[in-house]
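> For reference, this is protein-v8.cif, and it has mmCIF, C-alpha atoms.
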data_structure
#
loop_
_atom_site.label_atom_id
_atom_site.label_comp_id
_atom_site.auth_asym_id
_atom_site.auth_seq_id
_atom_site.Cartn_x
_atom_site.Cartn_y
_atom_site.Cartn_z
CA MET T 1275 0.00 0.00 0.00
CA THR T 1276 1.43 3.34 -1.05
CA ARG T 1277 1.02 5.81 1.77
CA ARG T 1278 2.24 8.94 0.06
CA PRO T 1279 -0.95 10.67 -1.14
CA ARG T 1280 0.36 12.05 -4.39
CA GLY T 1281 -0.92 9.95 -7.27
CA LEU T 1282 -3.27 12.00 -9.41
CA LEU T 1283 -5.33 9.12 -10.75
CA LEU T 1284 -7.86 9.22 -13.57
CA CYS T 1285 -10.58 8.25 -11.14
CA GLY T 1286 -10.25 11.71 -9.61
CA LEU T 1287 -11.29 13.26 -12.91
CA LEU T 1288 -14.45 11.19 -12.99
CA LEU T 1289 -15.99 12.05 -9.68
CA LEU T 1290 -19.32 10.45 -10.39
CA ALA T 1291 -18.06 7.49 -12.39
CA PRO T 1292 -18.77 3.97 -11.12
CA GLY T 1293 -16.02 2.69 -8.88
CA CYS T 1294 -14.65 6.12 -8.08
CA GLY T 1295 -16.27 6.18 -4.67
CA LEU T 1296 -18.04 9.54 -4.74
CA SER T 1297 -21.29 8.36 -6.27
CA SER T 1298 -22.20 6.68 -3.01
CA GLY T 1299 -21.64 6.94 0.68
CA SER T 1300 -23.10 5.75 3.95
CA PRO T 1301 -24.33 7.71 6.96
CA MET T 1302 -22.05 7.79 9.98
CA ALA T 1303 -24.12 6.46 12.85
CA ASP T 1304 -21.90 6.82 15.88
CA ASP T 1305 -23.79 7.28 19.14
CA VAL T 1306 -21.70 10.24 20.27
CA GLN T 1307 -22.41 13.35 22.30
CA PRO T 1308 -20.39 16.49 22.90
CA GLY T 1309 -17.39 16.16 25.16
CA THR T 1310 -14.90 19.01 25.13
CA ILE T 1311 -15.99 19.78 21.56
CA GLY T 1312 -19.44 20.30 20.06
CA ARG T 1313 -21.07 21.68 23.19
CA GLY T 1314 -24.43 23.18 22.40
CA GLU T 1315 -24.50 21.19 19.15
CA PRO T 1316 -23.76 24.19 16.90
CA LEU T 1317 -24.07 22.00 13.78
CA LYS T 1318 -27.58 20.78 14.63
CA GLY T 1319 -29.50 20.42 11.38
CA ALA T 1320 -26.39 20.44 9.19
CA HIS T 1321 -25.85 17.69 6.61
CA LEU T 1322 -22.13 17.33 5.98
CA THR T 1323 -20.10 14.95 3.83
CA VAL T 1324 -16.56 14.01 4.80
CA THR T 1325 -14.08 12.40 2.45
CA SER T 1326 -10.52 11.05 2.49
CA LYS T 1327 -7.99 9.11 0.48
CA GLU T 1328 -7.83 5.34 0.78
CA PHE T 1329 -4.81 4.63 3.01
CA SER T 1330 -5.02 3.92 6.73
CA GLU T 1331 -4.03 7.31 8.13
CA GLN T 1332 -6.52 9.08 5.88
CA LEU T 1333 -9.31 6.69 6.82
CA VAL T 1334 -8.65 7.39 10.49
CA LEU T 1335 -8.48 11.16 9.94
CA GLY T 1336 -11.70 11.14 7.92
CA ALA T 1337 -13.45 9.24 10.68
CA ILE T 1338 -12.10 11.63 13.32
CA MET T 1339 -13.53 14.57 11.40
CA GLY T 1340 -16.90 12.89 10.89
CA ILE T 1341 -17.16 11.93 14.56
CA ALA T 1342 -16.39 15.52 15.58
CA PHE T 1343 -19.16 16.81 13.31
CA GLN T 1344 -21.63 14.25 14.68
CA ALA T 1345 -20.86 15.26 18.26
CA ALA T 1346 -21.67 18.84 17.27
CA GLY T 1347 -25.08 17.75 16.02
CA ALA T 1348 -24.55 17.23 12.29
CA ASP T 1349 -25.78 14.37 10.15
CA VAL T 1350 -22.66 13.08 8.42
CA LEU T 1351 -22.30 11.17 5.16
CA ASP T 1352 -19.15 9.03 4.99
CA ARG T 1353 -17.39 9.16 1.63
CA THR T 1354 -13.93 8.30 2.89
CA GLY T 1355 -11.56 5.95 1.08
CA ILE T 1356 -11.34 7.62 -2.33
CA GLN T 1357 -8.53 6.23 -4.47
CA GLY T 1358 -5.70 8.64 -5.21
CA SER T 1359 -5.34 12.28 -4.22
CA ILE T 1360 -7.31 14.21 -6.77
CA GLY T 1361 -10.66 12.50 -6.14
CA SER T 1362 -11.06 13.65 -2.56
CA ARG T 1363 -9.54 17.02 -3.40
CA GLU T 1364 -11.96 17.64 -6.26
CA ALA T 1365 -14.90 16.52 -4.16
CA VAL T 1366 -14.17 19.25 -1.61
CA ARG T 1367 -13.32 21.84 -4.25
CA GLN T 1368 -16.51 21.23 -6.21
CA GLY T 1369 -18.70 20.85 -3.12
CA SER T 1370 -19.78 17.22 -3.52
CA ALA T 1371 -17.98 16.77 -0.20
CA ASP T 1372 -17.61 19.37 2.51
CA ALA T 1373 -14.31 18.59 4.20
CA ASP T 1374 -11.29 16.34 4.58
CA TYR T 1375 -7.84 16.32 6.15
CA GLU T 1376 -5.32 17.18 3.44
CA TYR T 1377 -1.53 17.55 3.48
CA THR T 1378 0.12 20.92 2.95
CA GLY T 1379 2.91 19.55 0.76
CA THR T 1380 0.39 17.78 -1.46
CA GLY T 1381 -1.58 21.01 -1.80
CA TRP T 1382 1.47 23.11 -2.60
CA ILE T 1383 3.18 20.75 -5.04
CA ASN T 1384 0.47 18.58 -6.58
CA TYR T 1385 -2.60 20.77 -6.59
CA LEU T 1386 -1.07 24.22 -6.93
CA GLY T 1387 1.78 23.22 -9.24
CA ASN T 1388 4.79 24.47 -7.32
CA THR T 1389 8.13 22.68 -7.52
CA GLN T 1390 9.97 24.08 -4.50
CA PRO T 1391 8.61 23.36 -1.02
CA ILE T 1392 8.76 25.99 1.72
CA PRO T 1393 11.03 24.76 4.56
CA ASP T 1394 9.09 26.29 7.46
CA PRO T 1395 5.95 24.20 8.07
CA TYR T 1396 3.79 27.12 9.16
CA GLU T 1397 4.87 29.26 6.22
CA GLN T 1398 4.18 26.31 3.93
CA TRP T 1399 0.65 26.06 5.30
CA LYS T 1400 0.08 29.82 4.97
CA ALA T 1401 1.24 29.77 1.35
CA VAL T 1402 -1.14 26.92 0.53
CA ARG T 1403 -4.02 28.58 2.38
CA ASP T 1404 -3.54 31.89 0.59
CA ALA T 1405 -2.99 30.42 -2.88
CA ASP T 1406 -5.91 27.99 -2.66
CA ARG T 1407 -8.54 30.53 -1.66
CA LYS T 1408 -9.30 31.25 -5.29
CA ASN T 1409 -10.22 27.59 -5.80
CA GLY T 1410 -13.12 27.67 -3.35
CA VAL T 1411 -11.45 25.81 -0.50
CA THR T 1412 -10.29 27.03 2.91
CA TRP T 1413 -7.41 25.46 4.83
CA LEU T 1414 -7.83 25.60 8.60
CA ASP T 1415 -4.88 25.59 11.00
CA PRO T 1416 -2.53 22.62 10.55
CA ALA T 1417 -1.69 19.74 12.84
CA PRO T 1418 1.83 18.98 14.09
CA LEU T 1419 1.38 15.66 12.24
CA ASN T 1420 3.83 15.69 9.32
CA ASN T 1421 3.57 12.64 7.07
CA THR T 1422 6.74 13.15 5.06
CA TYR T 1423 9.61 11.02 3.81
CA ALA T 1424 12.48 9.88 6.03
CA LEU T 1425 15.19 7.24 6.25
CA ALA T 1426 15.11 4.78 9.13
CA THR T 1427 17.35 2.02 10.43
CA ASN T 1428 16.90 -0.80 12.92
CA ARG T 1429 18.07 -0.60 16.50
CA ALA T 1430 21.14 -2.80 15.94
CA ASN T 1431 22.44 -0.66 13.07
CA PHE T 1432 21.64 2.50 14.98
CA GLU T 1433 23.83 1.30 17.84
CA LYS T 1434 26.51 0.06 15.44
CA TYR T 1435 26.86 3.21 13.34
CA GLY T 1436 25.44 5.89 15.65
CA THR T 1437 23.72 7.82 12.86
CA LYS T 1438 21.05 10.26 14.01
CA THR T 1439 20.70 12.58 11.02
CA LEU T 1440 20.86 12.37 7.24
CA SER T 1441 24.14 14.28 7.46
CA ASP T 1442 25.44 11.42 9.60
CA VAL T 1443 24.32 8.94 6.94
CA ALA T 1444 26.14 10.96 4.26
CA ALA T 1445 29.29 11.01 6.38
CA LEU T 1446 29.06 7.25 6.90
CA ALA T 1447 28.65 6.69 3.16
CA LYS T 1448 31.89 8.59 2.52
CA LYS T 1449 33.78 6.86 5.32
CA ASP T 1450 32.50 3.34 4.65
CA PRO T 1451 30.65 3.17 1.29
CA GLY T 1452 29.56 -0.43 1.78
CA ALA T 1453 27.85 0.37 5.08
CA VAL T 1454 25.05 2.43 3.55
CA THR T 1455 22.57 0.28 1.65
CA LEU T 1456 19.09 1.56 0.93
CA CYS T 1457 15.66 -0.01 0.41
CA VAL T 1458 13.34 2.42 -1.38
CA GLU T 1459 10.21 2.58 -3.52
CA SER T 1460 10.70 3.02 -7.25
CA GLN T 1461 8.89 6.37 -7.09
CA PHE T 1462 11.17 7.65 -4.32
CA ALA T 1463 14.22 6.41 -6.26
CA ASN T 1464 13.37 8.65 -9.20
CA ARG T 1465 11.65 11.74 -7.76
CA ALA T 1466 13.40 15.08 -7.49
CA ASP T 1467 11.98 15.35 -3.96
CA GLY T 1468 13.10 11.78 -3.24
CA LEU T 1469 16.44 9.99 -3.45
CA PRO T 1470 18.12 12.02 -6.24
CA GLY T 1471 17.37 15.32 -4.52
CA MET T 1472 18.28 13.96 -1.09
CA GLN T 1473 21.67 12.73 -2.34
CA LYS T 1474 22.37 16.08 -3.94
CA LYS T 1475 21.34 18.04 -0.84
CA TYR T 1476 23.45 15.92 1.51
CA GLY T 1477 26.39 15.29 -0.80
CA MET T 1478 25.83 11.55 -1.08
CA SER T 1479 26.86 9.48 -4.05
CA LEU T 1480 25.66 5.95 -3.50
CA PRO T 1481 26.48 3.32 -6.13
CA ALA T 1482 23.48 1.71 -7.80
CA ARG T 1483 24.36 -1.67 -6.29
CA ASN T 1484 23.70 -0.21 -2.81
CA ILE T 1485 20.11 0.72 -3.68
CA THR T 1486 17.28 -1.82 -3.87
CA GLN T 1487 13.80 -0.88 -5.05
CA MET T 1488 10.75 -2.62 -3.57
CA ASP T 1489 7.16 -2.11 -2.43
CA THR T 1490 6.54 0.10 0.60
CA GLY T 1491 5.43 -2.57 3.04
CA ILE T 1492 8.43 -4.78 2.30
CA ILE T 1493 10.83 -1.94 3.07
CA TYR T 1494 9.86 -1.91 6.74
CA THR T 1495 10.43 -5.63 7.20
CA GLN T 1496 13.72 -5.57 5.29
CA VAL T 1497 15.05 -2.69 7.38
CA ALA T 1498 13.85 -4.33 10.58
CA LYS T 1499 15.80 -7.51 9.86
CA GLY T 1500 18.85 -5.60 8.59
CA ALA T 1501 18.71 -6.66 4.94
CA CYS T 1502 19.35 -3.02 4.13
CA THR T 1503 20.93 -0.53 6.50
CA PHE T 1504 18.44 2.24 5.83
CA GLY T 1505 15.00 2.33 4.29
CA GLU T 1506 12.59 4.95 3.02
CA VAL T 1507 9.71 5.36 5.46
CA PHE T 1508 6.86 7.76 6.12
CA THR T 1509 7.23 9.58 9.41
CA THR T 1510 3.76 8.77 10.74
CA ASP T 1511 3.76 5.07 9.80
CA GLY T 1512 2.78 2.81 12.70
CA ARG T 1513 5.33 0.21 11.68
CA ILE T 1514 8.17 2.50 12.75
CA LYS T 1515 7.27 2.05 16.40
CA ALA T 1516 6.04 -1.52 16.06
CA MET T 1517 9.30 -2.65 14.44
CA HIS T 1518 11.52 -0.51 16.70
CA LEU T 1519 13.00 1.50 13.84
CA VAL T 1520 14.98 4.71 14.36
CA VAL T 1521 14.24 7.67 12.07
CA MET T 1522 17.08 9.86 10.84
CA ALA T 1523 16.47 13.59 11.32
CA ASP T 1524 16.31 15.64 8.12
CA ASP T 1525 18.74 18.19 9.54
CA LYS T 1526 19.01 20.18 6.29
CA LYS T 1527 15.22 20.21 5.91
CA PHE T 1528 15.22 18.73 2.42
CA PHE T 1529 11.93 16.82 2.43
CA PRO T 1530 8.72 18.83 1.97
CA ASN T 1531 6.38 19.36 4.92
CA TYR T 1532 3.21 17.30 4.72
CA ASN T 1533 1.29 18.61 7.72
CA ALA T 1534 -2.32 17.49 7.89
CA ALA T 1535 -4.89 20.30 7.94
CA PRO T 1536 -8.66 20.46 7.50
CA MET T 1537 -9.52 21.50 3.95
CA ILE T 1538 -13.09 22.81 3.86
CA HIS T 1539 -15.35 23.77 0.97
CA THR T 1540 -15.47 27.53 1.47
CA ARG T 1541 -19.23 27.89 1.06
CA THR T 1542 -19.74 25.21 3.70
CA LEU T 1543 -17.47 27.07 6.11
CA GLU T 1544 -19.32 30.32 5.41
CA LYS T 1545 -22.60 28.59 6.25
CA TYR T 1546 -21.19 26.80 9.30
CA PRO T 1547 -18.26 28.86 10.63
CA GLU T 1548 -18.44 26.83 13.87
CA ILE T 1549 -16.56 24.06 12.02
CA ALA T 1550 -13.27 25.87 12.65
CA ASP T 1551 -13.69 25.91 16.43
CA ILE T 1552 -14.93 22.32 16.50
CA LEU T 1553 -11.91 20.95 14.64
CA ALA T 1554 -9.17 23.19 16.07
CA PRO T 1555 -8.54 21.35 19.38
CA VAL T 1556 -8.68 17.97 17.64
CA THR T 1557 -6.21 19.02 14.96
CA ARG T 1558 -3.79 20.43 17.54
CA ARG T 1559 -3.69 17.03 19.27
CA LEU T 1560 -2.66 15.18 16.09
CA THR T 1561 1.10 14.66 16.34
CA ASN T 1562 3.43 12.20 14.62
CA THR T 1563 3.43 10.08 17.78
CA VAL T 1564 -0.37 9.97 17.90
CA ALA T 1565 -0.52 9.15 14.18
CA GLN T 1566 2.01 6.34 14.56
CA GLU T 1567 -0.02 4.82 17.40
CA LEU T 1568 -3.33 5.07 15.54
CA ASN T 1569 -1.84 3.84 12.25
CA ALA T 1570 -0.24 0.88 14.03
CA LYS T 1571 -3.62 -0.21 15.36
CA VAL T 1572 -4.83 -0.42 11.77
CA ASP T 1573 -1.74 -1.60 9.87
CA VAL T 1574 -0.14 -3.81 12.52
CA GLU T 1575 -3.05 -4.97 14.69
CA GLY T 1576 -5.67 -5.06 11.94
CA GLN T 1577 -8.26 -2.92 13.72
CA ASP T 1578 -11.00 -1.03 11.88
CA PRO T 1579 -9.94 2.59 11.14
CA HIS T 1580 -13.30 4.05 12.16
CA LEU T 1581 -13.31 2.24 15.48
CA VAL T 1582 -9.72 3.34 16.09
CA ALA T 1583 -10.79 6.94 15.49
CA LEU T 1584 -13.84 6.61 17.75
CA GLU T 1585 -11.80 5.13 20.58
CA TRP T 1586 -9.22 7.91 20.36
CA MET T 1587 -11.81 10.68 20.23
CA THR T 1588 -13.46 9.20 23.31
CA GLN T 1589 -10.23 8.65 25.21
CA GLN T 1590 -9.18 12.25 24.55
CA GLY T 1591 -12.48 13.47 25.95
CA PHE T 1592 -13.49 15.20 22.71
CA VAL T 1593 -16.70 13.17 22.56
CA LYS T 1594 -18.75 10.97 24.82
CA GLN T 1595 -20.37 7.76 23.71
CA GLY T 1596 -24.04 7.48 24.50
#
Can you give me the file's structure in the form of structure tokens?

Amino acid sequence: MTRRPRGLLLCGLLLLAPGCGLSSGSPMADDVQPGTIGRGEPLKGAHLTVTSKEFSEQLVLGAIMGIAFQAAGADVLDRTGIQGSIGSREAVRQGSADADYEYTGTGWINYLGNTQPIPDPYEQWKAVRDADRKNGVTWLDPAPLNNTYALATNRANFEKYGTKTLSDVAALAKKDPGAVTLCVESQFANRADGLPGMQKKYGMSLPARNITQMDTGIIYTQVAKGACTFGEVFTTDGRIKAMHLVVMADDKKFFPNYNAAPMIHTRTLEKYPEIADILAPVTRRLTNTVAQELNAKVDVEGQDPHLVALEWMTQQGFVKQG
């Protein structure tokens, strides 16, 4: 399963086509009441549709948003799990869905057509928010959650080589070229914001024989057992914690910021401005650590994403179950 939400698939251009996911949906029917959010049920009488992409983190985030809206009194239609990026994006932009959690880097690079990311995460969000206003969507304040690329190693190799940053990895590659072997996706191996750009930024020059391309899920297991010293990972993936991997810090801030933020159809937000206050405390609580824990429950333990979201919302006190 590819976690990076960047593929602009044809399905996204055919929002109402069979199989594209937006021609149907099911009501969310969680028996929830206001906790620390939704008091007074300010969305009473509202009919809102939430959407998301199809990978685990997005399914959890979509459910979190829908549960928050329900606690505030809204009737919510669940259209989460749309394949690719552009389908859920276009649904919100066109108004066939009202809201989702989107990533700032995806907005800046994929939707708005920029090639250079902005290193500061808040400035990146502001740039996306300001540029996307003309498209009929409003980006609310971002979460600390940053689902971006990273390199990780297992605990044994971390203790053996002592690398903590990508600069350390580059130094190790120069000192001991055979020590740095990489497992990466084919997309990452060829993207300017992936391996080629990373090597250029950090002054690496790894021989082709040290780089193995494979599917995302296999990378984690191969790194965990030491088949490759370092592997491409996503920073919020639950398998990082479950497999005891150590993430290298991007000390030169090469990789784009992919902070999750609510992306709302502007007319919906104008009609229900309370949405901003309802989602703000929830969004602030979404960190990489929280995301890793929630994602692990889905990807490692096999739990249902919606139930994972409901449990977290309840545990945090945001909602109460009736």
> Rounded to one decimal, what separation in Å do you get between CA of Gln1357 in chain T and CA of Lys1327 in chain T?
5.8 Å
> Considering only C-alpha atoms, state which residue in the set T:Gly1309, T:Pro1301, T:Gly1505, T:Gly1314 is at the smallest distance from Pro1555 in chain T.
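When distances to Pro1555 in chain T are compared using only C-alpha atoms, the smallest one comes from T:Gly1309.
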> Given the choices T:Gln1368, T:Gln1487, T:Ser1362, T:Thr1310, which gets closest to His1539 in chain T if the distance is worked out from all atoms listed in the file?
T:Gln1368
> If you count all atoms listed in the file, which residues fall within 12 Å of Asp1442 in chain T, apart from same-chain ones fewer than 6 positions away, as a list in words?
Leu1425, Phe1432, Tyr1435, Gly1436, Lys1448, Lys1449, Asp1450, Val1454, Tyr1476, Gly1477, Met1478, Met1522, Ala1523, Asp1524, Asp1525 and Lys1526 of chain T
> Quick one: pull the distance between CA of Thr1542 in chain T and CA of Val1306 in chain T, Å, one decimal.
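Value for the CA of Thr1542 in chain T-CA of Val1306 in chain T distance: 22.4 Å.
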> Taking all atoms listed in the file into account, name the residue in T:Thr1503, T:Thr1422, T:Asn1533, T:Thr1490 that is nearest to Gly1468 in chain T.
T:Thr1422
> Looking at T:Gln1390, T:Thr1510, T:Thr1561, T:Asn1431, which one is nearest to Glu1331 in chain T, with distances taken over all atoms listed in the file?
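Closest to Glu1331 in chain T, using all atoms listed in the file: T:Thr1510.
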> Please expand the PyMOL selection byres ((chain T and resi 1568) around 12) into the concrete residues it hits in this file, giving the result as a VMD selection string.
chain T and resid 1330 to 1335 1337 to 1338 1510 to 1513 1515 to 1516 1560 to 1567 1569 to 1587
> Out of T:Pro1416, T:Gly1312, T:Gly1381, T:Gly1369, which residue has the shortest atom-to-atom distance to Gly1347 in chain T when counting all atoms listed in the file?
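So, comparing all the options, the nearest one is T:Gly1312.
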> To verify the selection step, state as a ChimeraX atom specification which residues the PyMOL selection byres ((chain T and resi 1492-1500) around 9) yields on this input.
/T:1426-1431,1456-1459,1487-1491,1501-1507,1513-1514,1517-1519
